[in-house]
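The next block is target-v1.cif, given as mmCIF, C-alpha atoms and all ligand atoms; chains and numbers go by the auth columns.
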data_work
#
loop_
_atom_site.group_PDB
_atom_site.id
_atom_site.type_symbol
_atom_site.label_atom_id
_atom_site.label_comp_id
_atom_site.label_asym_id
_atom_site.label_seq_id
_atom_site.Cartn_x
_atom_site.Cartn_y
_atom_site.Cartn_z
_atom_site.B_iso_or_equiv
_atom_site.auth_seq_id
_atom_site.auth_asym_id
ATOM 1 C CA MET A 1 142.087 113.728 37.377 0.00 1 A
ATOM 2 C CA ALA A 2 144.060 116.978 37.596 0.00 2 A
ATOM 3 C CA GLY A 3 146.604 117.308 34.820 0.00 3 A
ATOM 4 C CA GLU A 4 144.987 114.763 32.491 0.00 4 A
ATOM 5 C CA ALA A 5 144.879 115.467 28.749 0.00 5 A
ATOM 6 C CA GLN A 6 141.627 117.074 27.590 0.00 6 A
ATOM 7 C CA PRO A 7 140.207 115.792 24.288 0.00 7 A
ATOM 8 C CA ASP A 8 139.345 119.250 22.885 0.00 8 A
ATOM 9 C CA CYS A 9 142.482 121.081 24.024 0.00 9 A
ATOM 10 C CA LEU A 10 144.720 122.446 21.256 0.00 10 A
ATOM 11 C CA PHE A 11 147.880 122.468 23.397 0.00 11 A
ATOM 12 C CA CYS A 12 147.265 118.920 24.718 0.00 12 A
ATOM 13 C CA LYS A 13 147.196 117.895 21.041 0.00 13 A
ATOM 14 C CA ILE A 14 150.436 119.777 20.318 0.00 14 A
ATOM 15 C CA ALA A 15 152.059 118.165 23.401 0.00 15 A
ATOM 16 C CA ALA A 16 150.964 114.743 22.119 0.00 16 A
ATOM 17 C CA GLY A 17 152.281 115.477 18.601 0.00 17 A
ATOM 18 C CA GLU A 18 148.773 115.182 17.135 0.00 18 A
ATOM 19 C CA ILE A 19 148.908 118.751 15.780 0.00 19 A
ATOM 20 C CA PRO A 20 152.204 119.926 14.271 0.00 20 A
ATOM 21 C CA ALA A 21 154.171 122.798 15.792 0.00 21 A
ATOM 22 C CA GLN A 22 157.657 124.236 15.384 0.00 22 A
ATOM 23 C CA VAL A 23 159.121 122.724 18.527 0.00 23 A
ATOM 24 C CA VAL A 24 162.310 124.402 19.752 0.00 24 A
ATOM 25 C CA ARG A 25 162.831 122.503 23.028 0.00 25 A
ATOM 26 C CA GLU A 26 161.287 119.497 24.783 0.00 26 A
ATOM 27 C CA THR A 27 161.653 117.858 28.187 0.00 27 A
ATOM 28 C CA ASP A 28 159.769 115.029 29.830 0.00 28 A
ATOM 29 C CA THR A 29 157.358 117.573 31.385 0.00 29 A
ATOM 30 C CA THR A 30 157.364 120.539 28.946 0.00 30 A
ATOM 31 C CA VAL A 31 157.241 121.476 25.251 0.00 31 A
ATOM 32 C CA ALA A 32 158.370 124.818 23.779 0.00 32 A
ATOM 33 C CA PHE A 33 157.180 125.805 20.280 0.00 33 A
ATOM 34 C CA ARG A 34 156.911 128.928 18.127 0.00 34 A
ATOM 35 C CA ASP A 35 153.710 130.961 18.362 0.00 35 A
ATOM 36 C CA ILE A 36 151.714 130.751 15.117 0.00 36 A
ATOM 37 C CA ALA A 37 151.164 134.555 15.153 0.00 37 A
ATOM 38 C CA PRO A 38 154.408 135.989 16.552 0.00 38 A
ATOM 39 C CA LYS A 39 154.266 139.394 18.281 0.00 39 A
ATOM 40 C CA ALA A 40 158.073 139.749 18.420 0.00 40 A
ATOM 41 C CA PRO A 41 161.071 138.297 16.526 0.00 41 A
ATOM 42 C CA THR A 42 161.252 135.649 19.251 0.00 42 A
ATOM 43 C CA HIS A 43 157.815 134.463 20.358 0.00 43 A
ATOM 44 C CA VAL A 44 157.854 130.980 21.829 0.00 44 A
ATOM 45 C CA LEU A 45 155.203 129.286 23.968 0.00 45 A
ATOM 46 C CA VAL A 46 156.273 126.973 26.777 0.00 46 A
ATOM 47 C CA ILE A 47 153.622 124.533 27.990 0.00 47 A
ATOM 48 C CA PRO A 48 153.531 121.789 30.583 0.00 48 A
ATOM 49 C CA ARG A 49 152.626 118.426 29.038 0.00 49 A
ATOM 50 C CA ALA A 50 150.001 118.098 31.792 0.00 50 A
ATOM 51 C CA HIS A 51 146.748 119.968 31.269 0.00 51 A
ATOM 52 C CA TYR A 52 145.960 122.817 33.685 0.00 52 A
ATOM 53 C CA PRO A 53 143.769 125.696 32.520 0.00 53 A
ATOM 54 C CA ASP A 54 146.107 128.496 33.607 0.00 54 A
ATOM 55 C CA ALA A 55 149.411 129.246 35.334 0.00 55 A
ATOM 56 C CA GLY A 56 147.906 129.606 38.808 0.00 56 A
ATOM 57 C CA GLU A 57 146.189 126.225 38.635 0.00 57 A
ATOM 58 C CA LEU A 58 149.391 124.689 37.296 0.00 58 A
ATOM 59 C CA ALA A 59 151.421 126.105 40.199 0.00 59 A
ATOM 60 C CA ALA A 60 148.868 124.827 42.720 0.00 60 A
ATOM 61 C CA GLY A 61 148.396 121.410 41.109 0.00 61 A
ATOM 62 C CA ASP A 62 151.932 120.597 39.942 0.00 62 A
ATOM 63 C CA PRO A 63 154.545 122.999 41.335 0.00 63 A
ATOM 64 C CA ARG A 64 157.427 121.038 39.809 0.00 64 A
ATOM 65 C CA ALA A 65 155.937 121.379 36.327 0.00 65 A
ATOM 66 C CA ALA A 66 155.334 125.092 36.960 0.00 66 A
ATOM 67 C CA ALA A 67 158.995 125.518 37.905 0.00 67 A
ATOM 68 C CA ALA A 68 160.010 123.510 34.836 0.00 68 A
ATOM 69 C CA VAL A 69 157.993 125.855 32.583 0.00 69 A
ATOM 70 C CA LEU A 70 159.812 128.868 34.056 0.00 70 A
ATOM 71 C CA HIS A 71 163.199 127.193 33.728 0.00 71 A
ATOM 72 C CA GLU A 72 162.498 126.221 30.115 0.00 72 A
ATOM 73 C CA ALA A 73 161.354 129.778 29.348 0.00 73 A
ATOM 74 C CA ALA A 74 164.770 131.042 30.464 0.00 74 A
ATOM 75 C CA LEU A 75 166.538 128.335 28.444 0.00 75 A
ATOM 76 C CA VAL A 76 164.474 129.241 25.359 0.00 76 A
ATOM 77 C CA ALA A 77 165.584 132.873 25.755 0.00 77 A
ATOM 78 C CA GLU A 78 169.223 131.761 25.908 0.00 78 A
ATOM 79 C CA GLN A 79 168.832 129.406 22.953 0.00 79 A
ATOM 80 C CA GLU A 80 167.126 132.116 20.888 0.00 80 A
ATOM 81 C CA GLY A 81 169.873 134.621 21.711 0.00 81 A
ATOM 82 C CA VAL A 82 167.632 137.146 23.499 0.00 82 A
ATOM 83 C CA ALA A 83 168.690 136.502 27.095 0.00 83 A
ATOM 84 C CA GLY A 84 171.348 139.226 26.897 0.00 84 A
ATOM 85 C CA THR A 85 169.105 141.955 25.460 0.00 85 A
ATOM 86 C CA GLY A 86 166.126 141.115 27.674 0.00 86 A
ATOM 87 C CA TYR A 87 162.889 139.232 27.250 0.00 87 A
ATOM 88 C CA ARG A 88 159.442 138.859 28.778 0.00 88 A
ATOM 89 C CA ILE A 89 157.707 135.845 30.217 0.00 89 A
ATOM 90 C CA ILE A 90 153.936 136.415 30.116 0.00 90 A
ATOM 91 C CA PHE A 91 151.135 134.242 31.471 0.00 91 A
ATOM 92 C CA ASN A 92 147.811 135.651 30.278 0.00 92 A
ATOM 93 C CA THR A 93 145.259 134.495 32.829 0.00 93 A
ATOM 94 C CA GLY A 94 141.549 134.764 32.047 0.00 94 A
ATOM 95 C CA GLU A 95 139.653 136.040 29.020 0.00 95 A
ATOM 96 C CA GLY A 96 139.871 139.638 30.255 0.00 96 A
ATOM 97 C CA ALA A 97 143.670 139.409 30.102 0.00 97 A
ATOM 98 C CA GLY A 98 143.623 138.019 26.572 0.00 98 A
ATOM 99 C CA GLN A 99 143.903 134.313 27.344 0.00 99 A
ATOM 100 C CA THR A 100 142.448 132.362 24.419 0.00 100 A
ATOM 101 C CA VAL A 101 143.892 128.886 24.960 0.00 101 A
ATOM 102 C CA PHE A 102 143.009 127.418 28.354 0.00 102 A
ATOM 103 C CA HIS A 103 146.033 125.154 28.751 0.00 103 A
ATOM 104 C CA ALA A 104 148.676 126.933 30.838 0.00 104 A
ATOM 105 C CA HIS A 105 151.426 128.488 28.750 0.00 105 A
ATOM 106 C CA ALA A 106 154.244 130.994 29.092 0.00 106 A
ATOM 107 C CA HIS A 107 154.848 133.413 26.233 0.00 107 A
ATOM 108 C CA VAL A 108 158.581 134.105 25.819 0.00 108 A
ATOM 109 C CA LEU A 109 158.982 137.363 23.885 0.00 109 A
ATOM 110 C CA GLY A 110 162.203 139.028 22.837 0.00 110 A
ATOM 111 C CA GLY A 111 164.217 140.538 20.027 0.00 111 A
ATOM 112 C CA ARG A 112 162.486 143.939 20.006 0.00 112 A
ATOM 113 C CA ASP A 113 161.894 146.819 22.399 0.00 113 A
ATOM 114 C CA LEU A 114 159.460 145.613 25.065 0.00 114 A
ATOM 115 C CA HIS A 115 159.125 148.720 27.229 0.00 115 A
ATOM 116 C CA GLN A 116 155.355 149.088 26.843 0.00 116 A
ATOM 117 C CA LEU A 117 153.021 148.240 29.754 0.00 117 A
ATOM 118 C CA VAL A 118 154.682 147.293 33.038 0.00 118 A
HETATM 119 P P1 LIG B . 146.871 133.325 24.865 0.00 201 B
HETATM 120 O O1 LIG B . 146.136 134.372 24.072 0.00 201 B
HETATM 121 O O2 LIG B . 145.931 132.221 25.327 0.00 201 B
HETATM 122 O O3 LIG B . 147.721 133.856 25.981 0.00 201 B
HETATM 123 O O4 LIG B . 147.915 132.681 23.876 0.00 201 B
HETATM 124 C C1 LIG B . 147.598 131.722 22.932 0.00 201 B
HETATM 125 C C2 LIG B . 148.627 131.822 21.840 0.00 201 B
HETATM 126 O O5 LIG B . 148.570 130.632 21.085 0.00 201 B
HETATM 127 C C3 LIG B . 148.399 132.989 20.876 0.00 201 B
HETATM 128 O O6 LIG B . 149.522 133.870 20.907 0.00 201 B
HETATM 129 C C4 LIG B . 148.224 132.290 19.515 0.00 201 B
HETATM 130 O O7 LIG B . 148.844 133.001 18.460 0.00 201 B
HETATM 131 C C5 LIG B . 148.852 130.940 19.749 0.00 201 B
HETATM 132 N N1 LIG B . 148.261 129.863 18.954 0.00 201 B
HETATM 133 C C6 LIG B . 146.923 129.655 18.738 0.00 201 B
HETATM 134 N N2 LIG B . 146.750 128.552 17.982 0.00 201 B
HETATM 135 C C7 LIG B . 148.000 128.058 17.732 0.00 201 B
HETATM 136 C C8 LIG B . 148.465 126.924 16.988 0.00 201 B
HETATM 137 O O8 LIG B . 147.702 126.129 16.423 0.00 201 B
HETATM 138 N N3 LIG B . 149.808 126.738 16.921 0.00 201 B
HETATM 139 C C9 LIG B . 150.696 127.591 17.543 0.00 201 B
HETATM 140 N N4 LIG B . 151.995 127.320 17.414 0.00 201 B
HETATM 141 N N5 LIG B . 150.277 128.674 18.251 0.00 201 B
HETATM 142 C C10 LIG B . 148.959 128.888 18.345 0.00 201 B
HETATM 143 ZN ZN ZN B . 145.459 120.887 27.450 0.00 202 B
#

Could you render the structure as structure tokens?
Ligand code: 5GP
Ligand code: ZN
Amino acid sequence: MAGEAQPDCLFCKIAAGEIPAQVVRETDTTVAFRDIAPKAPTHVLVIPRAHYPDAGELAAGDPRAAAAVLHEAALVAEQEGVAGTGYRIIFNTGEGAGQTVFHAHAHVLGGRDLHQLV
């Protein structure tokens, strides 16, 4: 069924607490934790607890969870103190865009100059 935990999915395991992570926020539908290889002083991943392979499939399959991920991303930025200076929310989608974990996730990046790319 859409959204069901996948046995070999790293982020399903983090959501279930089976693999440890530095969790910074949690709700009934989302978990936010620090990226293991941070690309900026603040680099937090926000995931839905439900398994969808990417952001587009999440939005189509569970729009409320997709909205919750976005809301939590903004709350992470506030909590981390980067909301005032600016931050990025990135959803890599597909291997060609650099997606390596196929459980939808938002990268929240801040705390350094982020003017590169778009
Ligand atoms: P993607 O490349 O799919 O957009 O992002 C996956 C992110 O997950 C990468 O930035 C990577 O550093 C992070 N990551 C991979 N494995 C782990 C892990 O076991 N724990 C945490 N906290 N982050 C991870
Ligand atoms: Zn998953």

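Of the residues under consideration (A:Ala55, A:Ala2, A:Gly98, A:Leu109), A:Leu109 shows the shortest atom-to-atom contact distance to Ala83 (chain A) when counting only C-alpha atoms.
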
(request) Could you state which residues are captured by the PyMOL selection byres (((not hetatm)) within 12 of (chain B and resi 201)) in this file, as a PyMOL selection string? (result) chain A and resi 9-15+17-24+31-40+42-47+53-55+89-109

(message) Just checking: using only C-alpha atoms and all ligand atoms, which residue out of A:Pro41, A:Pro7, A:Glu57, A:His51 ends up closest to ligand ZN 202 (chain B)?
(response) A:His51

Box centre and edge lengths (Å, one decimal), axis-aligned, region 69-87 of chain A plus 5 Å each side, as lines of an AutoDock Vina configuration file:
center_x = 164.7
center_y = 133.9
center_z = 27.5
size_x = 23.4
size_y = 26.1
size_z = 23.2

(message) Just the number, please: distance in Å from CA of Ala66 (chain A) to CA of Asp113 (chain A), one decimal.
(response) 27.0 Å

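In this structure, CA of Ala60 (chain A) sits 22.5 Å away from CA of Glu26 (chain A).
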
(request) Grab the CA of Leu114 (chain A) to CA of Gly81 (chain A) distance for me, in Å with one decimal place. (result)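 So the answer is 15.5 Å.
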